[in-house]
>>> print(open('entry-v3.txt').read())   # compact mmCIF, N, CA and C atoms
# COMPACT_ATOMS: atom_id res chain seq x y z
N MET A 60 111.35 143.35 103.88
CA MET A 60 110.30 142.41 104.23
C MET A 60 110.15 142.27 105.75
N GLU A 61 111.16 142.63 106.49
CA GLU A 61 111.11 142.50 107.95
C GLU A 61 110.81 143.85 108.58
N SER A 62 109.56 144.22 108.63
CA SER A 62 109.15 145.50 109.20
C SER A 62 107.83 145.30 109.93
N ASP A 63 107.60 146.10 110.96
CA ASP A 63 106.32 146.05 111.66
C ASP A 63 105.29 146.98 111.03
N GLU A 64 105.72 147.78 110.06
CA GLU A 64 104.81 148.68 109.37
C GLU A 64 104.01 147.93 108.32
N VAL A 65 102.84 148.45 108.01
CA VAL A 65 102.09 147.94 106.86
C VAL A 65 102.64 148.69 105.65
N ARG A 66 103.14 147.93 104.70
CA ARG A 66 103.78 148.54 103.53
C ARG A 66 102.99 148.27 102.27
N THR A 67 102.99 149.28 101.39
CA THR A 67 102.43 149.11 100.05
C THR A 67 103.56 149.32 99.07
N VAL A 68 103.74 148.35 98.18
CA VAL A 68 104.80 148.39 97.17
C VAL A 68 104.13 148.40 95.81
N GLY A 69 104.57 149.31 94.95
CA GLY A 69 104.00 149.40 93.62
C GLY A 69 104.96 148.92 92.55
N ILE A 70 104.43 148.22 91.57
CA ILE A 70 105.19 147.80 90.40
C ILE A 70 104.46 148.40 89.20
N TRP A 71 105.12 149.32 88.52
CA TRP A 71 104.48 150.07 87.45
C TRP A 71 105.24 149.87 86.15
N GLY A 72 104.51 149.80 85.03
CA GLY A 72 105.13 149.72 83.71
C GLY A 72 104.10 149.34 82.66
N MET A 73 104.55 149.40 81.40
CA MET A 73 103.64 149.07 80.30
C MET A 73 103.30 147.58 80.31
N GLY A 74 102.22 147.24 79.62
CA GLY A 74 101.77 145.86 79.57
C GLY A 74 102.81 144.94 78.95
N GLY A 75 102.92 143.74 79.51
CA GLY A 75 103.78 142.73 78.93
C GLY A 75 105.23 142.73 79.36
N ILE A 76 105.59 143.60 80.31
CA ILE A 76 107.01 143.65 80.70
C ILE A 76 107.34 142.76 81.90
N GLY A 77 106.34 142.12 82.49
CA GLY A 77 106.61 141.17 83.56
C GLY A 77 106.23 141.61 84.97
N LYS A 78 105.37 142.60 85.10
CA LYS A 78 104.95 143.07 86.42
C LYS A 78 104.29 141.94 87.22
N THR A 79 103.38 141.23 86.59
CA THR A 79 102.67 140.13 87.26
C THR A 79 103.64 139.01 87.61
N THR A 80 104.57 138.73 86.72
CA THR A 80 105.57 137.67 86.96
C THR A 80 106.43 138.01 88.18
N ILE A 81 106.84 139.26 88.29
CA ILE A 81 107.64 139.71 89.44
C ILE A 81 106.81 139.60 90.72
N ALA A 82 105.57 140.09 90.67
CA ALA A 82 104.70 140.03 91.84
C ALA A 82 104.45 138.59 92.26
N ARG A 83 104.24 137.70 91.30
CA ARG A 83 104.00 136.28 91.61
C ARG A 83 105.24 135.65 92.24
N ALA A 84 106.42 135.99 91.73
CA ALA A 84 107.67 135.44 92.29
C ALA A 84 107.86 135.89 93.73
N ILE A 85 107.58 137.16 94.02
CA ILE A 85 107.67 137.67 95.39
C ILE A 85 106.66 136.96 96.27
N PHE A 86 105.43 136.85 95.79
CA PHE A 86 104.35 136.20 96.53
C PHE A 86 104.73 134.75 96.86
N ASP A 87 105.17 134.01 95.85
CA ASP A 87 105.51 132.60 96.06
C ASP A 87 106.69 132.42 97.02
N ARG A 88 107.63 133.33 96.94
CA ARG A 88 108.82 133.22 97.80
C ARG A 88 108.52 133.55 99.26
N TYR A 89 107.68 134.55 99.50
CA TYR A 89 107.49 135.06 100.86
C TYR A 89 106.17 134.70 101.52
N ALA A 90 105.25 134.09 100.82
CA ALA A 90 103.92 133.80 101.37
C ALA A 90 103.98 133.00 102.67
N SER A 91 104.94 132.12 102.80
CA SER A 91 105.02 131.28 104.00
C SER A 91 105.35 132.08 105.26
N ARG A 92 105.80 133.30 105.11
CA ARG A 92 106.13 134.16 106.25
C ARG A 92 104.92 134.92 106.78
N TYR A 93 103.78 134.76 106.13
CA TYR A 93 102.58 135.52 106.48
C TYR A 93 101.49 134.59 106.98
N GLU A 94 100.59 135.14 107.79
CA GLU A 94 99.49 134.36 108.37
C GLU A 94 98.29 134.25 107.43
N GLY A 95 98.24 135.10 106.44
CA GLY A 95 97.18 135.07 105.44
C GLY A 95 97.71 135.67 104.16
N CYS A 96 97.28 135.13 103.02
CA CYS A 96 97.78 135.60 101.73
C CYS A 96 96.66 135.59 100.70
N CYS A 97 96.75 136.53 99.76
CA CYS A 97 95.81 136.56 98.66
C CYS A 97 96.48 137.21 97.45
N PHE A 98 96.40 136.54 96.31
CA PHE A 98 96.89 137.08 95.04
C PHE A 98 95.66 137.30 94.16
N LEU A 99 95.22 138.57 94.06
CA LEU A 99 94.07 138.90 93.21
C LEU A 99 94.60 139.28 91.83
N GLN A 100 94.48 138.35 90.90
CA GLN A 100 95.00 138.57 89.56
C GLN A 100 93.96 139.26 88.69
N ASN A 101 94.43 140.12 87.79
CA ASN A 101 93.56 140.81 86.82
C ASN A 101 92.43 141.60 87.47
N VAL A 102 92.76 142.46 88.40
CA VAL A 102 91.74 143.27 89.09
C VAL A 102 90.91 144.07 88.09
N ARG A 103 91.53 144.65 87.11
CA ARG A 103 90.81 145.45 86.11
C ARG A 103 89.73 144.61 85.43
N GLU A 104 90.13 143.48 84.89
CA GLU A 104 89.20 142.61 84.15
C GLU A 104 88.14 141.99 85.06
N GLU A 105 88.57 141.49 86.21
CA GLU A 105 87.64 140.83 87.13
C GLU A 105 86.62 141.80 87.72
N SER A 106 87.03 143.04 87.96
CA SER A 106 86.07 144.01 88.51
C SER A 106 85.03 144.38 87.45
N GLN A 107 85.42 144.37 86.19
CA GLN A 107 84.45 144.64 85.12
C GLN A 107 83.46 143.48 84.98
N LYS A 108 83.96 142.25 85.13
CA LYS A 108 83.11 141.06 85.00
C LYS A 108 82.20 140.86 86.20
N CYS A 109 82.79 140.91 87.40
CA CYS A 109 82.08 140.50 88.61
C CYS A 109 81.77 141.64 89.57
N GLY A 110 82.41 142.78 89.41
CA GLY A 110 82.22 143.90 90.31
C GLY A 110 83.26 143.95 91.42
N GLU A 111 83.48 145.14 91.94
CA GLU A 111 84.48 145.35 92.98
C GLU A 111 84.12 144.60 94.27
N HIS A 112 82.84 144.54 94.59
CA HIS A 112 82.45 143.88 95.84
C HIS A 112 82.78 142.39 95.80
N SER A 113 82.64 141.78 94.65
CA SER A 113 82.99 140.36 94.50
C SER A 113 84.49 140.16 94.74
N LEU A 114 85.32 141.06 94.22
CA LEU A 114 86.76 140.99 94.47
C LEU A 114 87.08 141.19 95.95
N TYR A 115 86.39 142.13 96.57
CA TYR A 115 86.57 142.38 98.01
C TYR A 115 86.24 141.13 98.82
N GLU A 116 85.11 140.49 98.49
CA GLU A 116 84.71 139.27 99.20
C GLU A 116 85.73 138.16 99.01
N LYS A 117 86.27 138.04 97.81
CA LYS A 117 87.30 137.03 97.54
C LYS A 117 88.54 137.32 98.37
N LEU A 118 88.95 138.57 98.41
CA LEU A 118 90.12 138.99 99.20
C LEU A 118 89.94 138.63 100.67
N ILE A 119 88.82 139.04 101.25
CA ILE A 119 88.56 138.78 102.67
C ILE A 119 88.45 137.28 102.93
N SER A 120 87.78 136.58 102.05
CA SER A 120 87.60 135.14 102.22
C SER A 120 88.95 134.41 102.24
N GLU A 121 89.85 134.79 101.34
CA GLU A 121 91.17 134.14 101.30
C GLU A 121 92.01 134.52 102.51
N LEU A 122 91.96 135.79 102.90
CA LEU A 122 92.78 136.23 104.04
C LEU A 122 92.30 135.59 105.34
N LEU A 123 90.99 135.44 105.49
CA LEU A 123 90.42 134.87 106.71
C LEU A 123 90.04 133.40 106.54
N GLU A 124 90.42 132.83 105.41
CA GLU A 124 90.16 131.42 105.12
C GLU A 124 88.69 131.06 105.30
N GLY A 125 87.82 131.97 104.86
CA GLY A 125 86.39 131.72 104.87
C GLY A 125 85.68 131.91 106.19
N GLU A 126 86.41 132.19 107.26
CA GLU A 126 85.77 132.26 108.58
C GLU A 126 84.79 133.41 108.72
N HIS A 127 84.95 134.49 107.94
CA HIS A 127 84.02 135.62 108.03
C HIS A 127 82.64 135.23 107.51
N LEU A 128 82.56 134.19 106.71
CA LEU A 128 81.28 133.75 106.18
C LEU A 128 80.38 133.16 107.26
N LEU A 129 80.98 132.77 108.37
CA LEU A 129 80.23 132.15 109.46
C LEU A 129 79.65 133.17 110.43
N VAL A 130 80.05 134.43 110.29
CA VAL A 130 79.61 135.47 111.23
C VAL A 130 78.16 135.84 110.92
N LYS A 131 77.35 135.76 111.95
CA LYS A 131 75.93 136.11 111.81
C LYS A 131 75.74 137.55 112.28
N GLY A 132 74.67 138.16 111.85
CA GLY A 132 74.36 139.51 112.30
C GLY A 132 74.36 140.50 111.16
N SER A 133 74.39 141.76 111.52
CA SER A 133 74.29 142.84 110.56
C SER A 133 75.58 142.98 109.74
N ALA A 134 75.49 143.77 108.68
CA ALA A 134 76.67 144.06 107.87
C ALA A 134 77.72 144.78 108.72
N HIS A 135 77.27 145.63 109.64
CA HIS A 135 78.19 146.34 110.51
C HIS A 135 78.93 145.36 111.43
N ALA A 136 78.21 144.40 111.99
CA ALA A 136 78.85 143.41 112.87
C ALA A 136 79.88 142.59 112.10
N ARG A 137 79.52 142.22 110.89
CA ARG A 137 80.46 141.47 110.05
C ARG A 137 81.69 142.30 109.71
N SER A 138 81.47 143.56 109.38
CA SER A 138 82.57 144.47 109.06
C SER A 138 83.51 144.64 110.25
N MET A 139 82.96 144.79 111.43
CA MET A 139 83.78 144.93 112.64
C MET A 139 84.57 143.66 112.91
N TYR A 140 83.95 142.50 112.67
CA TYR A 140 84.63 141.22 112.85
C TYR A 140 85.84 141.13 111.90
N VAL A 141 85.61 141.47 110.62
CA VAL A 141 86.69 141.43 109.63
C VAL A 141 87.82 142.36 110.05
N LYS A 142 87.48 143.56 110.43
CA LYS A 142 88.48 144.55 110.84
C LYS A 142 89.29 144.05 112.04
N ARG A 143 88.61 143.51 113.02
CA ARG A 143 89.27 143.01 114.23
C ARG A 143 90.22 141.84 113.91
N ARG A 144 89.74 140.91 113.09
CA ARG A 144 90.56 139.73 112.74
C ARG A 144 91.78 140.12 111.90
N LEU A 145 91.58 140.98 110.90
CA LEU A 145 92.69 141.36 110.04
C LEU A 145 93.71 142.23 110.76
N SER A 146 93.27 142.99 111.73
CA SER A 146 94.21 143.85 112.46
C SER A 146 95.19 143.03 113.29
N ARG A 147 94.88 141.76 113.49
CA ARG A 147 95.75 140.87 114.28
C ARG A 147 96.57 139.93 113.40
N LYS A 148 96.41 140.04 112.08
CA LYS A 148 97.09 139.11 111.16
C LYS A 148 98.10 139.85 110.30
N LYS A 149 99.26 139.25 110.14
CA LYS A 149 100.26 139.73 109.19
C LYS A 149 99.92 139.07 107.86
N VAL A 150 99.53 139.88 106.87
CA VAL A 150 99.07 139.33 105.60
C VAL A 150 99.87 139.87 104.41
N LEU A 151 99.88 139.09 103.35
CA LEU A 151 100.50 139.47 102.09
C LEU A 151 99.40 139.50 101.03
N ILE A 152 99.24 140.66 100.39
CA ILE A 152 98.21 140.83 99.37
C ILE A 152 98.88 141.31 98.09
N VAL A 153 98.53 140.70 96.96
CA VAL A 153 98.92 141.21 95.66
C VAL A 153 97.66 141.60 94.92
N LEU A 154 97.61 142.83 94.46
CA LEU A 154 96.52 143.33 93.63
C LEU A 154 97.10 143.59 92.26
N ASP A 155 96.80 142.71 91.32
CA ASP A 155 97.42 142.72 90.00
C ASP A 155 96.57 143.46 88.98
N ASP A 156 97.21 144.32 88.20
CA ASP A 156 96.58 145.06 87.11
C ASP A 156 95.45 145.96 87.59
N VAL A 157 95.79 146.81 88.56
CA VAL A 157 94.83 147.80 89.08
C VAL A 157 94.82 148.98 88.12
N ASP A 158 93.65 149.36 87.63
CA ASP A 158 93.56 150.42 86.63
C ASP A 158 92.92 151.71 87.13
N ALA A 159 92.51 151.74 88.39
CA ALA A 159 91.87 152.96 88.91
C ALA A 159 92.09 153.06 90.41
N LEU A 160 92.34 154.27 90.87
CA LEU A 160 92.59 154.52 92.29
C LEU A 160 91.38 154.12 93.13
N ASP A 161 90.16 154.35 92.63
CA ASP A 161 88.98 154.00 93.43
C ASP A 161 88.90 152.49 93.68
N LYS A 162 89.36 151.68 92.75
CA LYS A 162 89.38 150.22 92.97
C LYS A 162 90.40 149.86 94.04
N LEU A 163 91.56 150.48 93.96
CA LEU A 163 92.60 150.23 94.96
C LEU A 163 92.11 150.64 96.34
N ASP A 164 91.50 151.81 96.43
CA ASP A 164 90.96 152.27 97.71
C ASP A 164 89.87 151.33 98.22
N TYR A 165 88.99 150.91 97.34
CA TYR A 165 87.90 150.02 97.75
C TYR A 165 88.43 148.72 98.34
N LEU A 166 89.51 148.20 97.76
CA LEU A 166 90.05 146.92 98.20
C LEU A 166 90.98 147.04 99.40
N THR A 167 91.51 148.23 99.68
CA THR A 167 92.52 148.33 100.74
C THR A 167 92.18 149.30 101.87
N LYS A 168 91.09 150.02 101.78
CA LYS A 168 90.73 150.92 102.88
C LYS A 168 89.71 150.26 103.79
N GLU A 169 89.08 151.03 104.65
CA GLU A 169 88.09 150.51 105.59
C GLU A 169 87.13 149.56 104.89
N PRO A 170 86.70 148.48 105.50
CA PRO A 170 86.98 148.12 106.87
C PRO A 170 88.24 147.28 107.05
N ILE A 171 89.12 147.26 106.05
CA ILE A 171 90.36 146.49 106.19
C ILE A 171 91.33 147.28 107.06
N CYS A 172 91.85 146.64 108.06
CA CYS A 172 92.85 147.22 108.96
C CYS A 172 93.89 146.12 109.16
N LEU A 173 94.97 146.18 108.42
CA LEU A 173 95.93 145.08 108.39
C LEU A 173 96.87 145.09 109.58
N GLY A 174 97.27 143.90 109.99
CA GLY A 174 98.17 143.74 111.12
C GLY A 174 99.59 144.17 110.82
N ALA A 175 100.36 144.34 111.88
CA ALA A 175 101.76 144.76 111.78
C ALA A 175 102.54 143.82 110.87
N GLY A 176 103.37 144.40 110.01
CA GLY A 176 104.21 143.62 109.12
C GLY A 176 103.55 143.18 107.84
N SER A 177 102.30 143.59 107.63
CA SER A 177 101.59 143.21 106.41
C SER A 177 102.16 143.96 105.20
N MET A 178 101.96 143.37 104.02
CA MET A 178 102.43 144.00 102.79
C MET A 178 101.38 143.87 101.70
N VAL A 179 101.18 144.98 100.97
CA VAL A 179 100.30 145.01 99.82
C VAL A 179 101.17 145.35 98.61
N ILE A 180 101.14 144.50 97.59
CA ILE A 180 101.88 144.74 96.35
C ILE A 180 100.84 145.04 95.27
N VAL A 181 101.06 146.14 94.56
CA VAL A 181 100.12 146.58 93.53
C VAL A 181 100.86 146.64 92.19
N THR A 182 100.30 145.97 91.16
CA THR A 182 100.84 146.13 89.82
C THR A 182 99.86 146.97 89.02
N THR A 183 100.41 147.87 88.20
CA THR A 183 99.56 148.77 87.43
C THR A 183 100.31 149.29 86.20
N ARG A 184 99.56 149.69 85.21
CA ARG A 184 100.12 150.37 84.04
C ARG A 184 100.08 151.88 84.23
N ASP A 185 99.39 152.33 85.27
CA ASP A 185 99.14 153.76 85.50
C ASP A 185 99.93 154.25 86.71
N GLU A 186 101.01 154.94 86.45
CA GLU A 186 101.86 155.45 87.52
C GLU A 186 101.10 156.36 88.48
N GLN A 187 100.10 157.08 87.98
CA GLN A 187 99.35 158.03 88.79
C GLN A 187 98.64 157.35 89.95
N ILE A 188 98.24 156.10 89.79
CA ILE A 188 97.59 155.36 90.87
C ILE A 188 98.54 155.21 92.05
N LEU A 189 99.79 154.88 91.74
CA LEU A 189 100.78 154.71 92.80
C LEU A 189 101.16 156.03 93.45
N LEU A 190 101.27 157.06 92.64
CA LEU A 190 101.61 158.39 93.16
C LEU A 190 100.49 158.92 94.05
N ALA A 191 99.24 158.71 93.63
CA ALA A 191 98.10 159.16 94.42
C ALA A 191 98.01 158.37 95.72
N LYS A 192 98.27 157.08 95.67
CA LYS A 192 98.22 156.24 96.87
C LYS A 192 99.30 156.69 97.86
N ARG A 193 100.46 157.01 97.34
CA ARG A 193 101.59 157.43 98.17
C ARG A 193 101.28 158.75 98.89
N SER A 194 100.65 159.68 98.19
CA SER A 194 100.36 160.98 98.80
C SER A 194 99.08 160.95 99.61
N GLY A 195 98.24 159.93 99.42
CA GLY A 195 96.96 159.87 100.12
C GLY A 195 97.03 159.06 101.29
>>> encode(input="entry-v3.txt", output="structure tokens")
Amino acid sequence: MESDEVRTVGIWGMGGIGKTTIARAIFDRYASRYEGCCFLQNVREESQKCGEHSLYEKLISELLEGEHLLVKGSAHARSMYVKRRLSRKKVLIVLDDVDALDKLDYLTKEPICLGAGSMVIVTTRDEQILLAKRSG
């Protein structure tokens, strides 16, 4: 937990074995050590209901405590603001029940640029998502 690197940790296994419970326990225990935190539960289900962009907006809103909503200007200006602010923050993110690599990439790649010491925890039933993330 004490590193200047941005780390991604995967928790993989079949449904019902406690992946979310473990991720929640880690989140609850260590959240106070971070400048911003977000626990996105049920990414698979929520992305089907509301779409990936809605999840992305929720993630950014929680990490920046809504301040990105006040930024006026183009989508590019807003994106640059988010990137600049997050690159200066040590954040803890949990992405629970990720079922596809493209969803993970959408939520964790550009324009997100996390600050030193940040951690992303991913729970999934699909080991290939974690293996692909590790090699990519």
>>> residues_around(input="entry-v3.txt", residues="region 184-193 of chain A", least_positions_apart="5", cutoff="6 Å", atoms="only N, CA and C atoms", output="list in words")
Trp71, Gly72, Met73, Gly74, Asp156, Val157, Ala159 and Leu160 of chain A
>>> closest_residue(input="entry-v3.txt", among="A:Glu61, A:Arg103, A:Lys142, A:Gly95", to="Gly176 (chain A)", atoms="all atoms listed in the file")
A:Glu61
>>> atom_distance(input="entry-v3.txt", atom1="CA of Leu173 (chain A)", atom2="CA of Ala136 (chain A)")
17.7 Å
>>> closest_residue(input="entry-v3.txt", among="A:Arg83, A:Tyr165, A:Arg137, A:Tyr93", to="His112 (chain A)", atoms="all atoms listed in the file")
A:Tyr165
>>> select_by_dssp(input="entry-v3.txt", residues="chain A", states="alpha helix (DSSP H)", output="PyMOL selection string")
chain A and resi 78-89+102-109+111-122+134-145+160-167+186-194
>>> atom_distance(input="entry-v3.txt", atom1="atom C of Lys148 (chain A)", atom2="atom N of Cys97 (chain A)")
11.1 Å
>>> residues_around(input="entry-v3.txt", residues="Leu123 (chain A)", least_positions_apart="6", cutoff="8 Å", atoms="only N, CA and C atoms", output="NGL selection string")
:A and (94-96 or 117 or 144-145)
>>> select_by_dssp(input="entry-v3.txt", residues="chain A", states="strand (DSSP E)", output="ChimeraX atom specification")
/A:66-71,95-99,150-154,178-183
>>> closest_residue(input="entry-v3.txt", among="A:Glu121, A:Ile180, A:Glu111, A:Met139", to="Asp161 (chain A)", atoms="only C-alpha atoms")
A:Glu111
>>> closest_residue(input="entry-v3.txt", among="A:Val65, A:Leu154, A:Ala175, A:Ile85", to="Asn101 (chain A)", atoms="only C-alpha atoms")
A:Leu154
>>> atom_distance(input="entry-v3.txt", atom1="CA of Arg147 (chain A)", atom2="CA of Leu166 (chain A)")
18.1 Å
>>> residues_around(input="entry-v3.txt", residues="Val68 (chain A)", least_positions_apart="2", cutoff="5 Å", atoms="all atoms listed in the file", output="mmCIF file with N, CA and C atoms, keeping the file's coordinate frame")
data_model
loop_
_atom_site.group_PDB
_atom_site.id
_atom_site.type_symbol
_atom_site.label_atom_id
_atom_site.label_comp_id
_atom_site.auth_asym_id
_atom_site.auth_seq_id
_atom_site.Cartn_x
_atom_site.Cartn_y
_atom_site.Cartn_z
ATOM 1 N N ARG A 66 103.140 147.930 104.700
ATOM 2 C CA ARG A 66 103.780 148.540 103.530
ATOM 3 C C ARG A 66 102.990 148.270 102.270
ATOM 4 N N ILE A 70 104.430 148.220 91.570
ATOM 5 C CA ILE A 70 105.190 147.800 90.400
ATOM 6 C C ILE A 70 104.460 148.400 89.200
ATOM 7 N N VAL A 179 101.180 144.980 100.970
ATOM 8 C CA VAL A 179 100.300 145.010 99.820
ATOM 9 C C VAL A 179 101.170 145.350 98.610
ATOM 10 N N ILE A 180 101.140 144.500 97.590
ATOM 11 C CA ILE A 180 101.880 144.740 96.350
ATOM 12 C C ILE A 180 100.840 145.040 95.270
ATOM 13 N N VAL A 181 101.060 146.140 94.560
ATOM 14 C CA VAL A 181 100.120 146.580 93.530
ATOM 15 C C VAL A 181 100.860 146.640 92.190
#
>>> closest_residue(input="entry-v3.txt", among="A:Ser133, A:Ser91, A:Ser177, A:Ser120", to="Val150 (chain A)", atoms="only C-alpha atoms")
A:Ser177
>>> closest_residue(input="entry-v3.txt", among="A:Tyr115, A:Asp63, A:Gly69, A:Tyr140", to="Thr167 (chain A)", atoms="all atoms listed in the file")
A:Tyr115
>>> build_atoms(input="entry-v3.txt", residues="region 179-188 of chain A", atoms="all heavy atoms", output="compact mmCIF listing (two decimals), keeping the file's coordinate frame")
# COMPACT_ATOMS: atom_id res chain seq x y z
N VAL A 179 101.18 144.98 100.97
CA VAL A 179 100.30 145.01 99.82
C VAL A 179 101.17 145.35 98.61
O VAL A 179 101.87 146.37 98.61
CB VAL A 179 99.19 146.07 99.97
CG1 VAL A 179 98.29 146.10 98.73
CG2 VAL A 179 98.36 145.81 101.23
N ILE A 180 101.14 144.50 97.59
CA ILE A 180 101.88 144.74 96.35
C ILE A 180 100.84 145.04 95.27
O ILE A 180 99.88 144.29 95.11
CB ILE A 180 102.72 143.51 95.96
CG1 ILE A 180 103.75 143.20 97.05
CG2 ILE A 180 103.41 143.74 94.61
CD1 ILE A 180 104.50 141.91 96.86
N VAL A 181 101.06 146.14 94.56
CA VAL A 181 100.12 146.58 93.53
C VAL A 181 100.86 146.64 92.19
O VAL A 181 101.91 147.26 92.10
CB VAL A 181 99.56 147.99 93.85
CG1 VAL A 181 98.60 148.45 92.77
CG2 VAL A 181 98.89 148.00 95.22
N THR A 182 100.30 145.97 91.16
CA THR A 182 100.84 146.13 89.82
C THR A 182 99.86 146.97 89.02
O THR A 182 98.65 146.84 89.16
CB THR A 182 101.09 144.79 89.09
OG1 THR A 182 99.85 144.22 88.72
CG2 THR A 182 101.90 143.84 89.95
N THR A 183 100.41 147.87 88.20
CA THR A 183 99.56 148.77 87.43
C THR A 183 100.31 149.29 86.20
O THR A 183 101.55 149.35 86.21
CB THR A 183 99.07 149.94 88.29
OG1 THR A 183 98.16 150.75 87.52
CG2 THR A 183 100.21 150.80 88.80
N ARG A 184 99.56 149.69 85.21
CA ARG A 184 100.12 150.37 84.04
C ARG A 184 100.08 151.88 84.23
O ARG A 184 100.64 152.62 83.44
CB ARG A 184 99.31 150.01 82.79
CG ARG A 184 99.39 148.56 82.44
CD ARG A 184 98.55 148.26 81.22
NE ARG A 184 98.51 146.83 80.97
CZ ARG A 184 97.92 146.28 79.94
NH1 ARG A 184 97.30 147.04 79.05
NH2 ARG A 184 97.94 144.97 79.79
N ASP A 185 99.39 152.33 85.27
CA ASP A 185 99.14 153.76 85.50
C ASP A 185 99.93 154.25 86.71
O ASP A 185 99.53 154.02 87.85
CB ASP A 185 97.64 153.99 85.69
CG ASP A 185 97.27 155.45 85.80
OD1 ASP A 185 98.17 156.32 85.90
OD2 ASP A 185 96.05 155.74 85.80
N GLU A 186 101.01 154.94 86.45
CA GLU A 186 101.86 155.45 87.52
C GLU A 186 101.10 156.36 88.48
O GLU A 186 101.39 156.41 89.67
CB GLU A 186 103.04 156.20 86.91
CG GLU A 186 104.01 156.78 87.92
CD GLU A 186 105.11 157.60 87.29
OE1 GLU A 186 104.95 158.07 86.15
OE2 GLU A 186 106.15 157.75 87.96
N GLN A 187 100.10 157.08 87.98
CA GLN A 187 99.35 158.03 88.79
C GLN A 187 98.64 157.35 89.95
O GLN A 187 98.46 157.94 91.02
CB GLN A 187 98.34 158.81 87.93
CG GLN A 187 99.00 159.70 86.90
CD GLN A 187 99.97 160.69 87.52
OE1 GLN A 187 99.67 161.35 88.51
NE2 GLN A 187 101.18 160.77 86.96
N ILE A 188 98.24 156.10 89.79
CA ILE A 188 97.59 155.36 90.87
C ILE A 188 98.54 155.21 92.05
O ILE A 188 98.17 155.43 93.20
CB ILE A 188 97.11 153.97 90.36
CG1 ILE A 188 95.95 154.16 89.38
CG2 ILE A 188 96.70 153.08 91.53
CD1 ILE A 188 95.55 152.89 88.66
